[in-house]
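Undergrad: Please find model29.txt (compact mmCIF, C-alpha atoms) on the next line:
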# COMPACT_ATOMS: atom_id res chain seq x y z
CA MET A 1 -172.21 279.25 -7.72
CA HIS A 2 -174.73 278.92 -10.48
CA ILE A 3 -172.93 277.10 -13.25
CA MET A 4 -174.71 278.30 -16.36
CA GLU A 5 -176.92 276.11 -18.50
CA GLY A 6 -174.89 273.93 -20.84
CA PHE A 7 -171.58 275.00 -19.31
CA LEU A 8 -170.61 271.55 -18.05
CA PRO A 9 -169.86 268.85 -20.63
CA PRO A 10 -172.45 266.03 -20.50
CA ALA A 11 -170.17 263.56 -18.70
CA TRP A 12 -169.50 265.95 -15.81
CA ALA A 13 -173.09 267.11 -15.68
CA GLY A 14 -174.15 263.46 -15.38
CA LEU A 15 -171.59 262.66 -12.71
CA TRP A 16 -172.81 265.47 -10.47
CA PHE A 17 -176.38 264.28 -10.89
CA LEU A 18 -175.23 260.87 -9.69
CA ILE A 19 -173.96 262.53 -6.53
CA SER A 20 -176.80 264.92 -5.84
CA LEU A 21 -179.86 262.86 -6.83
CA PRO A 22 -179.45 260.28 -4.04
CA ALA A 23 -178.95 263.11 -1.54
CA ILE A 24 -182.09 264.89 -2.77
CA ALA A 25 -184.12 261.69 -2.69
CA TYR A 26 -182.93 260.73 0.79
CA GLY A 27 -183.55 264.30 1.95
CA ALA A 28 -187.11 264.24 0.59
CA VAL A 29 -187.87 260.94 2.33
CA LYS A 30 -186.30 262.19 5.54
CA SER A 31 -188.33 265.44 5.38
CA LYS A 32 -191.53 263.45 4.97
CA LYS A 33 -190.64 261.28 7.98
CA LEU A 34 -189.77 264.32 10.07
CA VAL A 35 -193.19 265.82 9.43
CA GLU A 36 -194.94 262.51 10.14
CA ASN A 37 -193.08 262.02 13.41
CA ASN A 38 -193.78 265.52 14.63
CA PRO A 39 -196.11 267.87 12.74
CA ARG A 40 -194.25 270.83 14.24
CA ASN A 41 -191.28 269.94 12.07
CA ARG A 42 -193.27 271.18 9.10
CA ALA A 43 -192.93 274.73 10.42
CA LEU A 44 -189.20 274.39 11.05
CA LEU A 45 -188.63 272.87 7.62
CA ALA A 46 -190.52 275.75 6.04
CA VAL A 47 -188.48 278.33 7.96
CA ALA A 48 -185.22 276.66 6.93
CA GLY A 49 -186.40 276.52 3.30
CA GLY A 50 -187.70 280.08 3.39
CA PHE A 51 -184.34 281.29 4.66
CA ILE A 52 -182.64 279.63 1.69
CA PHE A 53 -185.18 281.30 -0.62
CA VAL A 54 -184.49 284.77 0.78
CA LEU A 55 -180.71 284.56 1.04
CA SER A 56 -180.12 282.97 -2.34
CA SER A 57 -182.21 285.66 -4.03
CA LEU A 58 -179.89 288.40 -2.82
CA LYS A 59 -176.86 289.48 -4.77
CA ILE A 60 -174.47 290.97 -2.30
CA PRO A 61 -171.63 293.25 -3.42
CA SER A 62 -168.21 292.02 -2.39
CA PRO A 63 -165.51 294.65 -1.87
CA VAL A 64 -162.74 292.09 -2.40
CA THR A 65 -163.31 291.67 -6.13
CA GLY A 66 -165.81 294.38 -7.05
CA SER A 67 -168.40 291.85 -8.13
CA THR A 68 -171.57 290.51 -6.58
CA SER A 69 -172.48 287.06 -5.44
CA HIS A 70 -175.30 285.08 -3.88
CA PRO A 71 -175.26 283.83 -0.32
CA THR A 72 -176.58 280.26 -0.04
CA GLY A 73 -178.69 280.42 3.13
CA THR A 74 -178.08 276.75 3.87
CA GLY A 75 -176.62 277.07 7.37
CA ILE A 76 -179.93 276.90 9.26
CA ALA A 77 -181.21 273.86 7.38
CA THR A 78 -177.84 272.15 7.85
CA ILE A 79 -177.88 272.56 11.60
CA LEU A 80 -181.54 271.69 12.05
CA PHE A 81 -181.88 268.80 9.64
CA GLY A 82 -178.48 267.81 8.18
CA PRO A 83 -177.06 267.93 4.65
CA ALA A 84 -179.52 265.58 2.88
CA VAL A 85 -182.60 267.63 3.77
CA THR A 86 -180.61 270.73 2.85
CA ALA A 87 -179.94 269.21 -0.58
CA PHE A 88 -183.66 268.61 -1.02
CA LEU A 89 -184.58 272.18 -0.02
CA SER A 90 -181.80 273.70 -2.15
CA SER A 91 -182.88 271.74 -5.22
CA ILE A 92 -186.29 273.44 -5.01
CA VAL A 93 -184.71 276.91 -4.91
CA LEU A 94 -182.26 276.07 -7.69
CA LEU A 95 -185.10 274.77 -9.86
CA TYR A 96 -187.00 278.04 -9.34
CA GLN A 97 -183.91 280.03 -10.34
CA THR A 98 -183.26 277.80 -13.35
CA LEU A 99 -186.77 277.96 -14.76
CA LEU A 100 -187.74 281.54 -13.92
CA LEU A 101 -184.44 283.41 -13.82
CA ALA A 102 -182.20 281.45 -16.20
CA HIS A 103 -179.70 281.33 -13.32
CA GLY A 104 -178.00 277.97 -13.35
CA GLY A 105 -179.52 275.37 -15.64
CA LEU A 106 -181.31 272.06 -15.96
CA THR A 107 -178.16 270.34 -17.18
CA THR A 108 -176.10 271.85 -14.36
CA LEU A 109 -178.76 271.38 -11.68
CA GLY A 110 -176.95 268.28 -10.44
CA ALA A 111 -173.66 270.11 -10.05
CA ASN A 112 -175.24 273.18 -8.47
CA THR A 113 -177.26 271.12 -6.01
CA ALA A 114 -174.16 269.09 -5.18
CA SER A 115 -172.17 272.21 -4.27
CA MET A 116 -174.81 274.43 -2.65
CA GLY A 117 -177.13 271.79 -1.25
CA PHE A 118 -174.90 268.93 -0.28
CA ILE A 119 -171.10 269.25 -0.17
CA GLY A 120 -171.03 272.81 1.22
CA PRO A 121 -173.58 271.91 3.92
CA LEU A 122 -171.70 268.67 4.59
CA ALA A 123 -168.63 270.74 5.47
CA GLY A 124 -170.77 273.02 7.63
CA TRP A 125 -172.31 270.00 9.32
CA GLY A 126 -168.88 268.55 10.11
CA VAL A 127 -167.90 271.85 11.72
CA TYR A 128 -171.19 271.84 13.63
CA ARG A 129 -170.49 268.40 15.09
CA ILE A 130 -167.14 269.68 16.36
CA LEU A 131 -168.37 273.01 17.74
CA LYS A 132 -171.82 272.32 19.07
CA ASP A 133 -171.05 271.88 22.75
CA ARG A 134 -168.04 274.15 22.81
CA LEU A 135 -169.45 277.50 21.69
CA SER A 136 -172.65 279.45 22.20
CA LEU A 137 -175.49 278.67 19.79
CA LYS A 138 -175.17 281.95 17.92
CA ALA A 139 -171.41 281.70 17.49
CA THR A 140 -171.79 278.12 16.28
CA VAL A 141 -174.48 279.07 13.77
CA PHE A 142 -172.37 281.95 12.49
CA ILE A 143 -169.36 279.73 11.84
CA VAL A 144 -171.39 276.87 10.35
CA ALA A 145 -173.21 279.22 7.97
CA VAL A 146 -169.96 280.86 6.87
CA VAL A 147 -168.32 277.49 6.26
CA ALA A 148 -171.31 276.04 4.36
CA ASP A 149 -171.53 279.15 2.19
CA TRP A 150 -167.85 279.53 1.46
CA PHE A 151 -167.18 275.85 0.87
CA THR A 152 -170.02 275.78 -1.65
CA TYR A 153 -168.07 278.22 -3.80
CA VAL A 154 -164.82 276.32 -3.39
CA ILE A 155 -166.63 273.25 -4.71
CA THR A 156 -168.08 275.24 -7.62
CA SER A 157 -164.55 276.33 -8.55
CA VAL A 158 -163.36 272.73 -8.43
CA GLN A 159 -166.34 271.54 -10.47
CA ILE A 160 -165.61 274.02 -13.25
CA ALA A 161 -161.85 273.41 -13.13
CA LEU A 162 -162.38 269.63 -13.45
CA ALA A 163 -164.42 270.18 -16.59
CA PHE A 164 -162.15 272.93 -17.96
CA PRO A 165 -158.61 272.19 -16.76
CA GLY A 166 -156.95 274.18 -19.57
CA GLU A 167 -153.19 273.76 -19.14
CA SER A 168 -153.41 272.33 -15.65
CA PHE A 169 -156.21 271.55 -13.23
CA VAL A 170 -154.54 273.42 -10.36
CA LYS A 171 -154.08 276.57 -12.37
CA SER A 172 -157.64 276.48 -13.58
CA ALA A 173 -158.96 275.79 -10.06
CA LEU A 174 -157.03 278.79 -8.76
CA THR A 175 -158.48 280.98 -11.50
CA PHE A 176 -162.03 280.07 -10.54
CA MET A 177 -161.33 280.29 -6.83
CA GLY A 178 -160.02 283.77 -7.53
CA ILE A 179 -163.44 284.57 -8.91
CA PHE A 180 -165.72 282.63 -6.57
CA ALA A 181 -164.01 281.84 -3.30
CA LEU A 182 -162.44 285.27 -2.96
CA THR A 183 -165.63 287.17 -3.77
CA GLN A 184 -167.49 284.98 -1.33
CA ILE A 185 -165.54 285.73 1.85
CA PRO A 186 -167.42 288.92 2.86
CA VAL A 187 -170.68 287.57 1.46
CA ALA A 188 -170.33 284.49 3.64
CA VAL A 189 -169.74 286.69 6.69
CA VAL A 190 -172.93 288.66 5.99
CA GLU A 191 -174.79 285.38 5.63
CA GLY A 192 -173.37 284.13 8.90
CA ILE A 193 -174.68 287.19 10.73
CA PHE A 194 -178.19 286.69 9.32
CA ALA A 195 -178.21 283.00 10.10
CA ALA A 196 -177.12 283.63 13.69
CA LEU A 197 -179.84 286.26 14.16
CA LEU A 198 -182.58 284.05 12.74
CA MET A 199 -181.42 281.06 14.77
CA GLY A 200 -181.69 283.28 17.82
CA TYR A 201 -185.41 283.75 17.10
CA ILE A 202 -185.91 280.09 16.29
CA ALA A 203 -184.19 278.86 19.44
CA ASN A 204 -186.39 281.19 21.47
CA LEU A 205 -189.59 279.91 19.93
CA TRP A 206 -188.84 276.22 19.59
CA GLU A 207 -186.79 275.74 22.73
CA ASP A 208 -187.81 272.11 23.11
CA ARG A 209 -186.83 271.17 19.58
CA VAL A 210 -183.62 273.12 19.25
CA SER A 211 -182.30 272.09 22.64
CA GLN A 212 -182.62 268.40 21.76
CA GLU A 213 -180.19 269.31 19.04
CA VAL A 214 -182.97 268.62 16.60
CA THR A 215 -182.45 265.75 14.26
CA ALA A 216 -179.24 266.10 12.36
CA MET B 1 -185.72 292.99 12.91
CA LYS B 2 -184.97 296.70 12.57
CA LYS B 3 -181.46 295.98 13.74
CA THR B 4 -181.06 293.25 11.12
CA ILE B 5 -182.10 295.54 8.30
CA LEU B 6 -179.80 298.28 9.54
CA ILE B 7 -176.85 295.90 9.72
CA PHE B 8 -177.56 294.74 6.18
CA LEU B 9 -177.80 298.24 4.75
CA LEU B 10 -174.71 299.38 6.59
CA LEU B 11 -172.62 296.43 5.41
CA SER B 12 -173.80 296.80 1.81
CA MET B 13 -173.00 300.50 1.81
CA THR B 14 -169.58 299.93 3.31
CA PHE B 15 -168.85 297.18 0.81
CA VAL B 16 -169.85 299.35 -2.12
CA SER B 17 -167.98 302.42 -0.94
CA VAL B 18 -164.64 300.87 0.00
CA SER B 19 -164.13 299.08 -3.27
CA SER B 20 -163.17 300.30 -6.69
CA ALA B 21 -165.82 298.27 -8.41
CA GLU B 22 -165.49 296.68 -11.77
CA ASN B 23 -169.15 297.43 -12.45
CA TRP B 24 -170.39 294.97 -9.81
CA THR B 25 -171.03 292.20 -12.28
CA GLY B 26 -172.08 288.82 -10.91
CA ALA B 27 -169.37 286.30 -10.07
CA ASP B 28 -171.34 283.72 -12.07
CA GLN B 29 -170.92 285.83 -15.17
CA LYS B 30 -167.21 286.36 -14.56
CA ALA B 31 -166.80 282.61 -14.31
CA GLU B 32 -168.56 282.20 -17.63
CA GLU B 33 -166.08 284.63 -19.21
CA ALA B 34 -163.15 282.76 -17.62
CA ILE B 35 -164.43 279.46 -19.04
CA LYS B 36 -164.51 281.04 -22.49
CA ARG B 37 -160.92 282.24 -21.97
CA ILE B 38 -159.64 278.83 -20.89
CA SER B 39 -161.58 276.83 -23.47
CA PRO B 40 -162.38 279.18 -26.35
CA ASP B 41 -163.72 276.30 -28.44
CA TYR B 42 -166.30 275.14 -25.93
CA GLU B 43 -169.87 275.47 -27.13
CA PRO B 44 -172.60 275.21 -24.46
CA TRP B 45 -174.62 272.17 -25.49
CA PHE B 46 -177.89 273.31 -23.97
CA THR B 47 -179.51 276.70 -23.63
CA PRO B 48 -182.03 277.90 -21.04
CA ILE B 49 -185.55 276.97 -22.07
CA TRP B 50 -186.79 280.40 -20.97
CA GLU B 51 -185.00 283.60 -20.08
CA PRO B 52 -186.44 286.72 -18.48
CA PRO B 53 -187.02 289.09 -21.39
CA SER B 54 -185.23 291.98 -19.65
CA GLY B 55 -183.18 292.87 -16.60
CA GLU B 56 -186.28 294.47 -15.09
CA ILE B 57 -188.30 291.27 -15.36
CA GLU B 58 -185.35 289.39 -13.91
CA SER B 59 -185.22 291.62 -10.84
CA LEU B 60 -188.98 291.27 -10.50
CA LEU B 61 -188.66 287.50 -10.33
CA PHE B 62 -185.71 287.76 -7.93
CA SER B 63 -187.81 289.99 -5.67
CA LEU B 64 -190.63 287.49 -5.89
CA GLN B 65 -188.24 284.79 -4.69
CA SER B 66 -187.22 286.93 -1.68
CA ALA B 67 -190.85 287.77 -0.99
CA ILE B 68 -191.92 284.13 -0.95
CA GLY B 69 -189.10 283.22 1.42
CA ALA B 70 -189.58 286.21 3.70
CA PHE B 71 -193.34 285.61 3.84
CA VAL B 72 -192.88 282.00 4.91
CA VAL B 73 -190.25 282.82 7.55
CA GLY B 74 -192.21 285.80 8.89
CA TYR B 75 -195.54 283.98 8.94
CA ILE B 76 -194.27 280.96 10.82
CA VAL B 77 -192.05 282.78 13.28
CA GLY B 78 -194.85 285.28 13.91
CA ARG B 79 -197.49 282.61 14.39
CA ASN B 80 -195.37 280.72 16.88
CA ARG B 81 -194.52 283.87 18.76
CA ALA B 82 -198.19 284.80 18.98
CA SER B 83 -199.28 281.37 20.18
CA ARG B 84 -196.57 281.38 22.82
CA ASP B 85 -197.61 284.84 24.00
CA ALA B 86 -201.21 283.63 24.18
CA GLN B 87 -200.14 280.71 26.41
CA ASP B 88 -198.30 283.03 28.73
CA ASP B 89 -201.39 285.13 29.41
Can I see the file as structure tokens?
TA:
Amino acid sequence: MHIMEGFLPPAWAGLWFLISLPAIAYGAVKSKKLVENNPRNRALLAVAGGFIFVLSSLKIPSPVTGSTSHPTGTGIATILFGPAVTAFLSSIVLLYQTLLLAHGGLTTLGANTASMGFIGPLAGWGVYRILKDRLSLKATVFIVAVVADWFTYVITSVQIALAFPGESFVKSALTFMGIFALTQIPVAVVEGIFAALLMGYIANLWEDRVSQEVTA
Amino acid sequence: MKKTILIFLLLSMTFVSVSSAENWTGADQKAEEAIKRISPDYEPWFTPIWEPPSGEIESLLFSLQSAIGAFVVGYIVGRNRASRDAQDD
């Protein structure tokens, strides 16, 4: 989902910054408050952020298209803290990848944070609100992580198609979904398994916090 | 943990073996090529300020990213586990 540096025309790049910057700012303020209210949140925030660091550094082969793609790792943060904090954490990872790996870009940071950090997690969060009392914790985490991951790539496809509609927006969107959303299906499943396993550990160790359904 | 690593290796192997790969390029790169196909005239208006000088350096920095994340997760989960075990005694 890393849209390359300079690959969105300035108007689109700006628009996506308008969407993601408020989310990042609100997420940063909310993170600060969470830590002030309960110092133990610092540890949970770090685990959620660390999980995003690990997962988004992997490039997992996808048998559907014969290419590789990054998981997003945002499921845990989404469930524990909601989409805004996830946007804040993701922006840190995306900045690292932009500056040190030339993956993504400064001009496309807004768009990439919007898809990976905010809109994808927002979809996952919506699913979480529906599922949370109906399924076991692990099953819920699995589904939320898969949705947040996969939807991120749907949004990336839409973002690129909006900027490069070619003959028609729909046709262009389908082209990019054929690249991103299709590749991502097995990758998202792998991510879901990891997220469910890690949440198992977390729930064990922070029973009090996780059982109050944390803060989201 | 062992189980997690095994699952990961197994899935990766299965994925690689069942597919007739087109070189396993990144989806990001394929998208870049598709953009160039749809809009051949588009010129990126900004270039990365720094790029890893080689694929090796790039994988080094990717590994560093995983290492940072895994260290943080492992340290905190481990510390909490240990302090809980200490309380139980």
Undergrad: Just how far from CA of Phe118 in chain A is CA of Leu106 in chain A, in Å to one decimal?
TA: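 Separation between CA of Leu106 in chain A and CA of Phe118 in chain A: 17.2 Å.
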Undergrad: Return the neighbours of chain A among the residues of chain B, cut-off 9 Å, counting only C-alpha atoms, as a PyMOL selection string.
TA: chain B and resi 4+8+11-12+14-32+34-35+38-39+42-52+57-59+61-74+76-77+80-81+84
Undergrad: Between A:Asp149, A:Ala173, A:Ala195, A:Ala111, single out the one closest to Ala11 in chain A, counting only C-alpha atoms.
TA: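 For Ala11 in chain A, the nearest of the candidates is A:Ala111.
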Undergrad: What does the distance from CA of Asn112 in chain A to CA of Ala28 in chain A come to in Å, to one decimal?
TA: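 For CA of Asn112 in chain A relative to CA of Ala28 in chain A, the distance reads 17.4 Å.
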Undergrad: Would you mind reading off the distance between CA of Ile19 in chain A and CA of Gly73 in chain A, one decimal, in Å?
TA: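 Taking CA of Ile19 in chain A as the start and CA of Gly73 in chain A as the end point, the length is 20.9 Å.
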Undergrad: Complete range 164-175 of chain A at the level of all heavy atoms, written as an mmCIF file, in the frame of the given file.
TA:
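Saved as out_10.cif:
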data_model
loop_
_atom_site.group_PDB
_atom_site.id
_atom_site.type_symbol
_atom_site.label_atom_id
_atom_site.label_comp_id
_atom_site.auth_asym_id
_atom_site.auth_seq_id
_atom_site.Cartn_x
_atom_site.Cartn_y
_atom_site.Cartn_z
ATOM 1 N N PHE A 164 -162.961 272.071 -17.089
ATOM 2 C CA PHE A 164 -162.150 272.930 -17.960
ATOM 3 C C PHE A 164 -160.754 273.126 -17.370
ATOM 4 O O PHE A 164 -160.434 274.208 -16.883
ATOM 5 C CB PHE A 164 -162.824 274.299 -18.138
ATOM 6 C CG PHE A 164 -164.181 274.210 -18.756
ATOM 7 C CD1 PHE A 164 -165.318 274.209 -17.964
ATOM 8 C CD2 PHE A 164 -164.323 274.104 -20.134
ATOM 9 C CE1 PHE A 164 -166.584 274.110 -18.539
ATOM 10 C CE2 PHE A 164 -165.583 274.008 -20.712
ATOM 11 C CZ PHE A 164 -166.712 274.009 -19.914
ATOM 12 N N PRO A 165 -159.924 272.070 -17.408
ATOM 13 C CA PRO A 165 -158.610 272.190 -16.760
ATOM 14 C C PRO A 165 -157.644 273.086 -17.527
ATOM 15 O O PRO A 165 -156.665 273.547 -16.938
ATOM 16 C CB PRO A 165 -158.102 270.748 -16.708
ATOM 17 C CG PRO A 165 -158.904 270.004 -17.697
ATOM 18 C CD PRO A 165 -160.173 270.733 -17.939
ATOM 19 N N GLY A 166 -157.900 273.366 -18.811
ATOM 20 C CA GLY A 166 -156.950 274.180 -19.570
ATOM 21 C C GLY A 166 -155.575 273.540 -19.548
ATOM 22 O O GLY A 166 -155.445 272.342 -19.817
ATOM 23 N N GLU A 167 -154.542 274.324 -19.175
ATOM 24 C CA GLU A 167 -153.190 273.760 -19.140
ATOM 25 C C GLU A 167 -153.031 272.808 -17.969
ATOM 26 O O GLU A 167 -152.472 271.741 -18.085
ATOM 27 C CB GLU A 167 -152.138 274.864 -19.027
ATOM 28 C CG GLU A 167 -152.104 275.804 -20.209
ATOM 29 C CD GLU A 167 -151.593 277.175 -19.804
ATOM 30 O OE1 GLU A 167 -150.660 277.228 -18.977
ATOM 31 O OE2 GLU A 167 -152.133 278.180 -20.299
ATOM 32 N N SER A 168 -153.500 273.233 -16.796
ATOM 33 C CA SER A 168 -153.410 272.330 -15.650
ATOM 34 C C SER A 168 -154.613 272.563 -14.742
ATOM 35 O O SER A 168 -155.125 273.683 -14.647
ATOM 36 C CB SER A 168 -152.119 272.574 -14.862
ATOM 37 O OG SER A 168 -152.275 273.704 -14.033
ATOM 38 N N PHE A 169 -155.040 271.467 -14.094
ATOM 39 C CA PHE A 169 -156.210 271.550 -13.230
ATOM 40 C C PHE A 169 -156.009 272.565 -12.112
ATOM 41 O O PHE A 169 -156.883 273.377 -11.805
ATOM 42 C CB PHE A 169 -156.522 270.164 -12.646
ATOM 43 C CG PHE A 169 -157.462 270.210 -11.467
ATOM 44 C CD1 PHE A 169 -158.809 270.484 -11.650
ATOM 45 C CD2 PHE A 169 -156.985 270.010 -10.175
ATOM 46 C CE1 PHE A 169 -159.679 270.552 -10.575
ATOM 47 C CE2 PHE A 169 -157.850 270.079 -9.097
ATOM 48 C CZ PHE A 169 -159.197 270.355 -9.291
ATOM 49 N N VAL A 170 -154.791 272.541 -11.508
ATOM 50 C CA VAL A 170 -154.540 273.420 -10.360
ATOM 51 C C VAL A 170 -154.644 274.879 -10.770
ATOM 52 O O VAL A 170 -155.278 275.697 -10.091
ATOM 53 C CB VAL A 170 -153.150 273.118 -9.749
ATOM 54 C CG1 VAL A 170 -152.839 274.111 -8.635
ATOM 55 C CG2 VAL A 170 -153.090 271.692 -9.236
ATOM 56 N N LYS A 171 -154.059 275.192 -11.908
ATOM 57 C CA LYS A 171 -154.080 276.570 -12.370
ATOM 58 C C LYS A 171 -155.513 277.034 -12.629
ATOM 59 O O LYS A 171 -155.925 278.137 -12.250
ATOM 60 C CB LYS A 171 -153.231 276.687 -13.643
ATOM 61 C CG LYS A 171 -152.652 278.069 -13.834
ATOM 62 C CD LYS A 171 -151.775 278.123 -15.078
ATOM 63 C CE LYS A 171 -151.920 279.509 -15.680
ATOM 64 N NZ LYS A 171 -151.575 279.535 -17.106
ATOM 65 N N SER A 172 -156.257 276.151 -13.272
ATOM 66 C CA SER A 172 -157.640 276.480 -13.580
ATOM 67 C C SER A 172 -158.453 276.635 -12.286
ATOM 68 O O SER A 172 -159.241 277.573 -12.144
ATOM 69 C CB SER A 172 -158.223 275.368 -14.455
ATOM 70 O OG SER A 172 -159.582 275.574 -14.657
ATOM 71 N N ALA A 173 -158.229 275.716 -11.333
ATOM 72 C CA ALA A 173 -158.960 275.790 -10.060
ATOM 73 C C ALA A 173 -158.658 277.114 -9.362
ATOM 74 O O ALA A 173 -159.554 277.758 -8.810
ATOM 75 C CB ALA A 173 -158.601 274.613 -9.178
ATOM 76 N N LEU A 174 -157.397 277.528 -9.408
ATOM 77 C CA LEU A 174 -157.030 278.790 -8.760
ATOM 78 C C LEU A 174 -157.702 279.977 -9.438
ATOM 79 O O LEU A 174 -158.136 280.922 -8.783
ATOM 80 C CB LEU A 174 -155.510 278.963 -8.752
ATOM 81 C CG LEU A 174 -154.758 278.058 -7.761
ATOM 82 C CD1 LEU A 174 -153.250 278.239 -7.892
ATOM 83 C CD2 LEU A 174 -155.203 278.341 -6.327
ATOM 84 N N THR A 175 -157.793 279.907 -10.777
ATOM 85 C CA THR A 175 -158.480 280.980 -11.500
ATOM 86 C C THR A 175 -159.913 281.122 -11.006
ATOM 87 O O THR A 175 -160.375 282.226 -10.706
ATOM 88 C CB THR A 175 -158.519 280.663 -13.009
ATOM 89 O OG1 THR A 175 -157.190 280.445 -13.451
ATOM 90 C CG2 THR A 175 -159.160 281.804 -13.786
#
